[in-house]
Amino acid sequence: MEKRKGQLNLLCDMGELTNLLSESVDIEIFFQRAVRLVAQTLKADVCSIYLFDNRANEVVLKSTIGLNPDAIGKVRLKVGEGLVGQTMERLHPICEAKAKSSPYFKYFEETDEDRFESFLAVPIRRGVEKVGVLVVQSEQENYFDEYDVMTLRVIASQLAGAVENARLLIDMEHPGGKQKVVAVANGTSFIKGNPASGGNAFADGVIFKKSHGGLMTGFEKQGKQYSLKDFFVALEKTTNQLEDFQSKLAQRLPESASLIFTAHFMILKDAKFIGKIVDMIENGISPPQAIRTVAGDYINIFLSSQHVYIREKASDMEDLAGRILDNLHYINEPDSDHRRGRIIIARDLFPSEMLKLATEDVKGIILVSGGITSHVAILARSMKIPLIIAERPELLDLPDGAPILMDADIGNIFLYPSEEIIQQYETRNKTHKAVTPLVGKRPQETRTIDGHRVRLMANINLLSELTLARDLNAEGIGLYRTEFPFLIRNNFPSEEEQYLVYKRLFEAMPGQGVTIRTLDVGGDKALIYSDTSSESNPELGLRSIRFSLKYLDVFEKQIRAILRAAPPEESLKIMFPMISSVDEFREARRMVDTCINDLNSAGIAHHPNPQVGTMLEVPAVVEIMNELAQEADFFSVGTNDFVQYTLAVDRTNQKVASYYRPFHPGVLRALERMVVWARIWGKDISVCGEMAHEPQFIPFLLGIGISSLSVDPQYLADVQDHISGFKLTDAQIYAKDLLSQGTVQGAWEVLRYYPPNERYQG
Ligand code: PEP
Ligand code: MG
């Protein structure tokens with residue numbers, strides 16, 4: 001009976017199966033999880049997956065629980081050979097009450113399988129494609145029945161898509177070759193990366209090159225002669241294009257105010273730059289050659305500077321020269337833009353580069369370094385640009401124009417995808433669009449089944465996200481990351497510019513409450529125009545509140561802008577990032593008091609009594625919560641950094657991504673302790689890091705007493721749905737269970753059985 005119940009649960013909740021792949025960092029782990037889940041569901045002693053190798057016409061043992069793991073990769077059966085080979089040949093389930101009596105039974109010494117009596121195998125097929133065989137075995141005779149056959153068939157069909165994708169990863173002839181791009185049949189290659197910003201894209205790829213003249217070669221048509229007049233036409237076309245970009249950018253990103261292309265415009269207006277090119281052309285040098293020579297000289301000068309922000313100008317110059325050359329090349333042809341509509345592959349990107357790419361309407365981005373909680377990733381999510389991080393530098397060697405299909409929802413990259421793969425993704429896209437929740441029809445409030453109210457707010461990075469947040473009934477802004485207007489510019493925004501940006505937040509959310517976090521630069525959010533970008537260990541460097549407390553004039557302007565922008569009748573919360581001591585908090589708070597006094601004296605309208613609180617991101621605060629909670633008006637846990645610093649794992653480093661475990665007992669227990677202290681002192685505490693939108697962590701957070709969450713607007717509907725699907729009392733039991741685990745493995749075991757199963761259902 002228990003077995004039936006488990007099967008029913010799994011059949012009803014196929015999400016658990018299909019999520020297996022997207023949640024597995026590694027393909028081996030995916031297979032292990034799949035066999036373990038199936039064995040547990042069918043209460044079988046063994047579950048194995050065999051993959052079909054079409055080149056050898058064999059099935060190969062890929063993963064097993066119950067058989068000797070040393071047999072993985074070694075047991076190979078021709079199609080038709082043994083019970084497994086028979087299943088692949090007949091493409092039909094085989095159920096044997098006593099496997100050893102079957103004429104097809106074949107024993108492999110390395111598997112230790114002679115103790116298993118009952119055998120059930122079903123083929124895994126994807127359309128007409130043979131994918132492999134799914135097998136369960138039991139020590140008991142006559143153990144599997146018709147219902148098991150049905151269950152296993154359903155599971156196999158659910159797993160087929162994921163297994164097929166996974167199979168593309170496996171180079172059967174070179175099992176050790178995991179680090180190369182794996183070529184599969186018909187020229188398609190597959191790479192598994194980490195999804196950092198969701199969505200799909202199918203387009204030609206182009207490599208994003210920085211500052212080395214890469215874009216400036218090969219632009220003229222063979223044998224074509226260009227005149228001085230052509231050069232001026234190309235120059236004018238380039239100016240017009242950039243102005244057009246600039247105005248599009250101003251619409252899409254009001255906080256950029258202007259200025260992304262400042263350097264470009266300055267160079268275009270520079271009489272010396274233009275004059276040198278004209279001189280060369282008049283002296284018989286071809287226009288493309290003249291542009292390259294002069295731009296090359298500038299690039300060398302920029303690159304030799306000791307200031308990072310000047311070195312950065314080299315990429316502006318390169319970009320500009322590339323555009324002029326491009327326009328020269330296509331002098332009488334419609335506008336061309338070598339990145340428009342393409343998928344960009346880059347080693348890394350600055351946030352400002354990401355924004356430029358957004359104005360060029362790139363379809364997607366693949367980065368070969370970085371982490372999914374890095375700010376470039378957060379920005380990509382805000383701009384709705386699919387982004388995958390795959391630590392595969394060989395991608396940078398792809399030829400220009402190579403077709404790429406990226407499924408950034410699960411991190412799959414297909415190079416030269418086959419028709420079949422393209423079709424598969426198109427179908428999925430259609431289904432996905434059909435189930436997107438209807439904006440405007442969401443409940444106003446969020447409650448658990450047993451009526452516990454949760455305040456659901458939005459994290460805002462870019463002003464363009466405000467509309468979605470409002471449409472999805474966000475109950476205020478739980479985190480406005482003020483650094484974005486700073487990051488996308490070439491210099492500090494003035495008090496006035498900031499004031500205009502912050503005002504928009506209150507206009508969008510009247511009566512809802514806005515939490516504005518003061519500047520959180522440094523770390524992976526280096527300002528190229530300040531000295532934070534040259535530190536050897538920036539995550540532990542002059543960042544966040546430390547930066548503000550060092551550059552008091554920058555801090556003061558920001559606080560004044562915030563106080564002036566907030567209408568007095570609105571609820572304003574000012575929040576400091578990365579506070580590590582009560583002393584630091586006091587120092588920062590003093591600036592708010594000073595600014596209020598100054599504004600009062602000057603008779604300038606401002607918010608008179610903001611709440612002043614802090615992010616909880618540095619592990620040191622856990623031990624001083626008692627004191628901190630007596631001084632701060634509210635708290636918000638920044639789990640992205642809290643996990644990073646508690647576990648000493650760089651959140652932007654893909655190499656250590658598997659160590660970045662928010663479910664580590666050290667993290668979970670610390671979170672609970674912080675909540676307890678905040679509640680003792682009656683202070684609001686919310687969570688605004690990525691954990692706040694992850695289905696397994698939401699019930700944990702509610703279970704330890706959190707009742708407000710702040711998430712990126714695109715997650716609001718899902719989080720609301722999720723919360724309305726469980727009881728607070730069950731979440732409390734779940735949280736207790738998690739907190740009682742002293743090991744990472746133990747916590748993981750509890751976590752992976754969420755969402756609800758028998759264990760927590762009342
Ligand atoms: C966090 O650290 O969890 C957080 C919300 O801040 P950020 O991601 O901007 O560092
Ligand atoms: Mg943070």
# chains A, B, ... in the order shown; residues from 1 in each chain; ligands from 1
>>> residues_near_ligand(ligand="ligand 2", cutoff="10 Å", atoms="only C-alpha atoms and all ligand atoms", output="PyMOL selection string")
chain A and resi 373-375+481+520-521+523+544+577-578+615-618+637-644+688-689
>>> residues_around(residues="Asp409 of chain A", least_positions_apart="5", cutoff="9 Å", atoms="only C-alpha atoms", output="PDB file with all heavy atoms, in the first residue's frame")
ATOM      1  N   SER A  22      17.456  19.811 -14.261  1.00  0.00           N
ATOM      2  CA  SER A  22      17.804  21.225 -14.116  1.00  0.00           C
ATOM      3  C   SER A  22      18.474  21.497 -12.783  1.00  0.00           C
ATOM      4  O   SER A  22      19.266  22.413 -12.646  1.00  0.00           O
ATOM      5  CB  SER A  22      16.572  22.098 -14.289  1.00  0.00           C
ATOM      6  OG  SER A  22      15.577  21.678 -13.416  1.00  0.00           O
ATOM      7  N   PRO A 195      22.302  27.652 -15.547  1.00  0.00           N
ATOM      8  CA  PRO A 195      21.373  28.696 -15.958  1.00  0.00           C
ATOM      9  C   PRO A 195      21.489  29.907 -15.041  1.00  0.00           C
ATOM     10  O   PRO A 195      21.447  29.754 -13.824  1.00  0.00           O
ATOM     11  CB  PRO A 195      19.998  28.024 -15.798  1.00  0.00           C
ATOM     12  CG  PRO A 195      20.217  26.907 -14.832  1.00  0.00           C
ATOM     13  CD  PRO A 195      21.655  26.495 -14.921  1.00  0.00           C
ATOM     14  N   ALA A 196      21.678  31.085 -15.609  1.00  0.00           N
ATOM     15  CA  ALA A 196      21.825  32.288 -14.766  1.00  0.00           C
ATOM     16  C   ALA A 196      20.709  33.289 -15.009  1.00  0.00           C
ATOM     17  O   ALA A 196      20.402  34.097 -14.147  1.00  0.00           O
ATOM     18  CB  ALA A 196      23.179  32.945 -15.038  1.00  0.00           C
ATOM     19  N   SER A 197      20.113  33.238 -16.196  1.00  0.00           N
ATOM     20  CA  SER A 197      18.946  34.085 -16.465  1.00  0.00           C
ATOM     21  C   SER A 197      18.122  33.340 -17.504  1.00  0.00           C
ATOM     22  O   SER A 197      18.625  32.983 -18.576  1.00  0.00           O
ATOM     23  CB  SER A 197      19.415  35.453 -16.990  1.00  0.00           C
ATOM     24  OG  SER A 197      18.313  36.161 -17.511  1.00  0.00           O
ATOM     25  N   GLY A 198      16.863  33.084 -17.161  1.00  0.00           N
ATOM     26  CA  GLY A 198      16.067  32.128 -17.936  1.00  0.00           C
ATOM     27  C   GLY A 198      15.667  32.583 -19.328  1.00  0.00           C
ATOM     28  O   GLY A 198      15.847  33.735 -19.717  1.00  0.00           O
ATOM     29  N   GLY A 199      15.123  31.632 -20.072  1.00  0.00           N
ATOM     30  CA  GLY A 199      14.658  31.904 -21.433  1.00  0.00           C
ATOM     31  C   GLY A 199      15.377  31.022 -22.431  1.00  0.00           C
ATOM     32  O   GLY A 199      16.296  30.284 -22.063  1.00  0.00           O
ATOM     33  N   ASN A 200      14.928  31.088 -23.656  1.00  0.00           N
ATOM     34  CA  ASN A 200      15.559  30.303 -24.720  1.00  0.00           C
ATOM     35  C   ASN A 200      16.007  31.222 -25.836  1.00  0.00           C
ATOM     36  O   ASN A 200      15.418  32.276 -26.039  1.00  0.00           O
ATOM     37  CB  ASN A 200      14.547  29.341 -25.350  1.00  0.00           C
ATOM     38  CG  ASN A 200      14.121  28.298 -24.374  1.00  0.00           C
ATOM     39  OD1 ASN A 200      14.955  27.713 -23.702  1.00  0.00           O
ATOM     40  ND2 ASN A 200      12.823  28.077 -24.275  1.00  0.00           N
ATOM     41  N   PRO A 386      18.462  35.864 -21.822  1.00  0.00           N
ATOM     42  CA  PRO A 386      18.901  34.531 -21.390  1.00  0.00           C
ATOM     43  C   PRO A 386      20.419  34.500 -21.201  1.00  0.00           C
ATOM     44  O   PRO A 386      21.148  35.011 -22.039  1.00  0.00           O
ATOM     45  CB  PRO A 386      18.473  33.616 -22.548  1.00  0.00           C
ATOM     46  CG  PRO A 386      17.417  34.373 -23.280  1.00  0.00           C
ATOM     47  CD  PRO A 386      17.752  35.829 -23.094  1.00  0.00           C
ATOM     48  N   LEU A 387      20.839  33.922 -20.095  1.00  0.00           N
ATOM     49  CA  LEU A 387      22.278  33.867 -19.808  1.00  0.00           C
ATOM     50  C   LEU A 387      22.629  32.508 -19.219  1.00  0.00           C
ATOM     51  O   LEU A 387      21.979  32.037 -18.289  1.00  0.00           O
ATOM     52  CB  LEU A 387      22.653  34.971 -18.809  1.00  0.00           C
ATOM     53  CG  LEU A 387      24.064  34.922 -18.213  1.00  0.00           C
ATOM     54  CD1 LEU A 387      25.118  35.188 -19.273  1.00  0.00           C
ATOM     55  CD2 LEU A 387      24.234  35.947 -17.087  1.00  0.00           C
ATOM     56  N   ILE A 388      23.655  31.895 -19.807  1.00  0.00           N
ATOM     57  CA  ILE A 388      24.166  30.632 -19.258  1.00  0.00           C
ATOM     58  C   ILE A 388      25.646  30.836 -18.936  1.00  0.00           C
ATOM     59  O   ILE A 388      26.369  31.470 -19.703  1.00  0.00           O
ATOM     60  CB  ILE A 388      24.022  29.477 -20.274  1.00  0.00           C
ATOM     61  CG1 ILE A 388      22.540  29.186 -20.535  1.00  0.00           C
ATOM     62  CG2 ILE A 388      24.725  28.211 -19.785  1.00  0.00           C
ATOM     63  CD1 ILE A 388      22.295  28.078 -21.533  1.00  0.00           C
TER      64      ILE A 388
END
>>> residues_around(residues="Leu357 of chain A", least_positions_apart="5", cutoff="9 Å", atoms="only C-alpha atoms", output="PDB file with N, CA and C atoms, in the first residue's frame")
ATOM      1  N   ARG A 339      26.346  42.293 -33.899  1.00  0.00           N
ATOM      2  CA  ARG A 339      25.899  41.589 -32.703  1.00  0.00           C
ATOM      3  C   ARG A 339      24.369  41.514 -32.599  1.00  0.00           C
ATOM      4  N   ARG A 340      23.687  42.339 -33.378  1.00  0.00           N
ATOM      5  CA  ARG A 340      22.227  42.390 -33.287  1.00  0.00           C
ATOM      6  C   ARG A 340      21.631  41.003 -33.567  1.00  0.00           C
ATOM      7  N   ILE A 344      25.755  35.993 -27.818  1.00  0.00           N
ATOM      8  CA  ILE A 344      27.105  36.474 -27.530  1.00  0.00           C
ATOM      9  C   ILE A 344      27.834  35.464 -26.644  1.00  0.00           C
ATOM     10  N   SER A 352      28.187  47.405 -17.557  1.00  0.00           N
ATOM     11  CA  SER A 352      27.918  48.394 -18.614  1.00  0.00           C
ATOM     12  C   SER A 352      27.976  47.726 -19.992  1.00  0.00           C
ATOM     13  N   VAL A 362      20.660  41.651 -28.369  1.00  0.00           N
ATOM     14  CA  VAL A 362      21.229  40.315 -28.499  1.00  0.00           C
ATOM     15  C   VAL A 362      20.207  39.309 -27.982  1.00  0.00           C
TER      16      VAL A 362
END
>>> residues_around(residues="Pro287 of chain A", least_positions_apart="6", cutoff="9 Å", atoms="only C-alpha atoms", output="list in words")
Gln225, Tyr226, Ser227, Leu228, Asp230, Phe231, Ile277, Val278, Met280, Ile281, Leu325 and Leu328 of chain A
>>> residues_around(residues="Thr188 of chain A", least_positions_apart="5", cutoff="8 Å", atoms="only C-alpha atoms", output="PyMOL selection string")
chain A and resi 183+414-418
>>> closest_residue(among="A:Ala156, A:Leu395, A:Leu249, A:Ile385", to="Val122 of chain A", atoms="only C-alpha atoms")
A:Ala156
>>> decode(residues="segment 668-691 of chain A", atoms="N, CA, C and O atoms", output="compact mmCIF listing (two decimals), in the first residue's frame")
# COMPACT_ATOMS: atom_id res chain seq x y z
N LEU A 668 21.71 27.38 7.72
CA LEU A 668 20.31 27.28 8.16
C LEU A 668 20.17 27.65 9.64
O LEU A 668 19.26 28.38 10.04
N ARG A 669 21.08 27.14 10.46
CA ARG A 669 20.96 27.42 11.90
C ARG A 669 21.22 28.89 12.21
O ARG A 669 20.58 29.49 13.07
N ALA A 670 22.18 29.48 11.46
CA ALA A 670 22.45 30.91 11.68
C ALA A 670 21.23 31.74 11.30
O ALA A 670 20.88 32.71 11.98
N LEU A 671 20.58 31.35 10.21
CA LEU A 671 19.38 32.09 9.79
C LEU A 671 18.34 32.06 10.90
O LEU A 671 17.74 33.07 11.26
N GLU A 672 18.17 30.88 11.48
CA GLU A 672 17.15 30.78 12.52
C GLU A 672 17.50 31.66 13.72
O GLU A 672 16.66 32.36 14.28
N ARG A 673 18.78 31.64 14.06
CA ARG A 673 19.18 32.45 15.23
C ARG A 673 18.93 33.93 14.99
O ARG A 673 18.50 34.66 15.87
N MET A 674 19.19 34.36 13.78
CA MET A 674 18.98 35.79 13.50
C MET A 674 17.49 36.13 13.61
O MET A 674 17.12 37.19 14.13
N VAL A 675 16.66 35.21 13.12
CA VAL A 675 15.21 35.47 13.18
C VAL A 675 14.76 35.54 14.64
O VAL A 675 13.98 36.42 15.04
N VAL A 676 15.27 34.63 15.47
CA VAL A 676 14.87 34.61 16.87
C VAL A 676 15.18 35.95 17.53
O VAL A 676 14.34 36.55 18.19
N TRP A 677 16.41 36.46 17.29
CA TRP A 677 16.78 37.74 17.92
C TRP A 677 15.92 38.89 17.42
O TRP A 677 15.48 39.75 18.20
N ALA A 678 15.67 38.90 16.13
CA ALA A 678 14.85 39.99 15.59
C ALA A 678 13.47 39.96 16.23
O ALA A 678 12.91 41.00 16.58
N ARG A 679 12.94 38.76 16.43
CA ARG A 679 11.60 38.65 17.00
C ARG A 679 11.58 39.04 18.48
O ARG A 679 10.64 39.64 18.97
N ILE A 680 12.66 38.67 19.17
CA ILE A 680 12.74 39.04 20.59
C ILE A 680 12.61 40.55 20.74
O ILE A 680 11.93 41.07 21.62
N TRP A 681 13.26 41.30 19.83
CA TRP A 681 13.24 42.76 19.93
C TRP A 681 12.13 43.37 19.08
O TRP A 681 12.08 44.59 18.91
N GLY A 682 11.27 42.53 18.56
CA GLY A 682 10.10 43.02 17.81
C GLY A 682 10.47 43.76 16.54
O GLY A 682 9.78 44.69 16.12
N LYS A 683 11.59 43.35 15.89
CA LYS A 683 11.99 44.05 14.67
C LYS A 683 11.65 43.21 13.44
O LYS A 683 11.81 41.98 13.45
N ASP A 684 11.20 43.90 12.42
CA ASP A 684 10.88 43.24 11.14
C ASP A 684 12.11 42.55 10.58
O ASP A 684 13.19 43.14 10.56
N ILE A 685 11.92 41.35 10.07
CA ILE A 685 13.04 40.71 9.38
C ILE A 685 12.51 40.02 8.13
O ILE A 685 11.55 39.26 8.19
N SER A 686 13.11 40.35 7.00
CA SER A 686 12.67 39.72 5.75
C SER A 686 13.89 39.08 5.09
O SER A 686 15.02 39.22 5.59
N VAL A 687 13.65 38.38 4.00
CA VAL A 687 14.76 37.79 3.26
C VAL A 687 14.69 38.31 1.83
O VAL A 687 13.63 38.31 1.21
N CYS A 688 15.84 38.79 1.31
CA CYS A 688 15.81 39.33 -0.05
C CYS A 688 16.85 38.69 -0.97
O CYS A 688 16.98 39.08 -2.12
N GLY A 689 17.59 37.69 -0.47
CA GLY A 689 18.52 36.98 -1.35
C GLY A 689 17.76 35.95 -2.19
O GLY A 689 16.55 35.78 -2.04
N GLU A 690 18.50 35.26 -3.03
CA GLU A 690 17.86 34.32 -3.97
C GLU A 690 17.12 33.18 -3.28
O GLU A 690 16.19 32.60 -3.83
N MET A 691 17.52 32.86 -2.04
CA MET A 691 16.82 31.78 -1.33
C MET A 691 15.32 32.07 -1.21
O MET A 691 14.51 31.17 -1.12
